[in-house]
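Colleague: Have a look at the structure that comes next, please.
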Amino acid sequence: LSRLSPEMTALIGEELRGARPERLGDAVTALSSALRAMFIDPRPVQAAIAGAPASALVLWGDEDQLVTRITLEDLLRRRPDWELRVFEGYGHLLPVEMPDEYARTVGAWLGVDQP
């Protein structure tokens with residue numbers, strides 16, 4: 001969060017303060033599903049990745065504390081047709097941490113003209 005503007009930090013805080021505890025059950029379900037897919041039985045996710053009919057652009061910040069370099073290497077070994085772009089000095093939330101560069105990078109990959 002240290003790279004976020006004060007405005008973005010305030011917005012995130014406002015959103016968290018307005019969170020509805022009664023919906024926590026849904027969040028726990030989503031989190032447990034994601035953890036299961038990543039650590040307990042990754043085969044369905046790996047099969048989906050292997051069977052994806054399109055190439056992909058994988059953007060990664062080298063200070064990401066959630067997705068490791070080992071995870072990326074495994075992904076790219078499975079899908080050598082996928083393109084990796086590494087952003088030094090950034091973490092897991094690239095669209096929030098560097099929105100302009102993120103948009104330019106994705107737009108260029110998609111072939112979208114940008115002002």
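Here, A, B, ... name the chains of the structure tokens in the order displayed, residue numbers run from 1 inside each chain, and ligands are numbered from 1 in the same displayed order.
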Considering only strand (DSSP E) as DSSP defines it on the backbone, what residues of stretch 67-97 of chain A qualify? List them as a list in words.
Modeller: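 Filtering stretch 67-97 of chain A down to strand (DSSP E) leaves Glu83, Leu84, Arg85, Val86 and Phe87 of chain A.
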Colleague: Can I get the selection written as a PDB file, in the first residue's frame, with C-alpha atoms?
Modeller:
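Contents of out-v1.pdb, as written:
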```pdb
ATOM      1  CA  GLU A  83       4.097 -13.528 -23.092  1.00  0.00           C
ATOM      2  CA  LEU A  84       5.516 -12.328 -19.776  1.00  0.00           C
ATOM      3  CA  ARG A  85       6.186  -8.689 -18.950  1.00  0.00           C
ATOM      4  CA  VAL A  86       7.912  -8.005 -15.636  1.00  0.00           C
ATOM      5  CA  PHE A  87       7.623  -4.645 -13.905  1.00  0.00           C
TER       6      PHE A  87
END
```
Colleague: Which parts of chain A does DSSP call helix (DSSP H, G or I) when run on the backbone here, written out as number ranges by chain?
Modeller: A: 6-17, 21-40, 43-51, 69-78, 94-97, 99-110
Colleague: Between A:Asp113, A:Pro95, A:Ala108, A:Leu24, which has the minimum distance to A:Met8 (counting only C-alpha atoms)?
Modeller: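 Nearest candidate to A:Met8 out of A:Asp113, A:Pro95, A:Ala108, A:Leu24: A:Pro95.
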Colleague: If we count only C-alpha atoms and set the cut-off at 12 Å, which residues sit around stretch 65-71 of chain A, ignoring sequence neighbours fewer than 4 positions away in its own chain? Please answer as JSON, numbers by chain.
Modeller: {"A": [35, 38, 39, 42, 46, 58, 59, 60, 61, 75, 76, 77, 78, 84, 86, 89, 90, 91, 92, 93]}
Colleague: Can those selected residues be exported to a file as a PDB file, in the first residue's frame so that it contains C-alpha atoms?
Modeller:
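File produced: part.pdb:
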```pdb
ATOM      1  CA  LEU A  35      -6.651 -21.794  -2.046  1.00  0.00           C
ATOM      2  CA  MET A  38      -3.730 -23.265  -5.952  1.00  0.00           C
ATOM      3  CA  PHE A  39      -2.415 -25.590  -3.283  1.00  0.00           C
ATOM      4  CA  PRO A  42      -4.351 -27.537  -8.911  1.00  0.00           C
ATOM      5  CA  GLN A  46      -3.695 -26.518 -14.853  1.00  0.00           C
ATOM      6  CA  VAL A  58       1.052 -12.136 -18.221  1.00  0.00           C
ATOM      7  CA  LEU A  59       1.957  -9.013 -16.277  1.00  0.00           C
ATOM      8  CA  TRP A  60       3.910  -9.416 -13.048  1.00  0.00           C
ATOM      9  CA  GLY A  61       5.515  -7.087 -10.547  1.00  0.00           C
ATOM     10  CA  LEU A  75       2.936 -21.306 -15.952  1.00  0.00           C
ATOM     11  CA  LEU A  76       5.200 -20.296 -18.826  1.00  0.00           C
ATOM     12  CA  ARG A  77       6.643 -23.788 -19.077  1.00  0.00           C
ATOM     13  CA  ARG A  78       3.077 -25.015 -19.612  1.00  0.00           C
ATOM     14  CA  LEU A  84       5.516 -12.328 -19.776  1.00  0.00           C
ATOM     15  CA  VAL A  86       7.912  -8.005 -15.636  1.00  0.00           C
ATOM     16  CA  GLY A  89       9.630  -2.379  -8.202  1.00  0.00           C
ATOM     17  CA  TYR A  90       5.917  -3.218  -8.251  1.00  0.00           C
ATOM     18  CA  GLY A  91       3.791  -5.745  -6.429  1.00  0.00           C
ATOM     19  CA  HIS A  92       0.586  -7.687  -6.993  1.00  0.00           C
ATOM     20  CA  LEU A  93      -1.804  -4.836  -7.794  1.00  0.00           C
TER      21      LEU A  93
END
```
Colleague: Using Å and a single decimal, report how far atom CA of A:Met98 sits from atom CA of A:Glu7.
Modeller: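 It comes out at 14.3 Å.
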Colleague: Neighbours of A:Ala103 within 12 Å (only C-alpha atoms; same-chain residues fewer than 3 positions away dropped), as a list of chain:residue names?
Modeller: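 Near neighbours after the sequence-gap exclusion: A:Leu59, A:Leu94, A:Pro95, A:Val96, A:Glu97, A:Met98, A:Pro99, A:Asp100, A:Val106, A:Gly107, A:Ala108, A:Trp109, A:Leu110, A:Gly111, A:Val112, A:Asp113, A:Gln114, A:Pro115.
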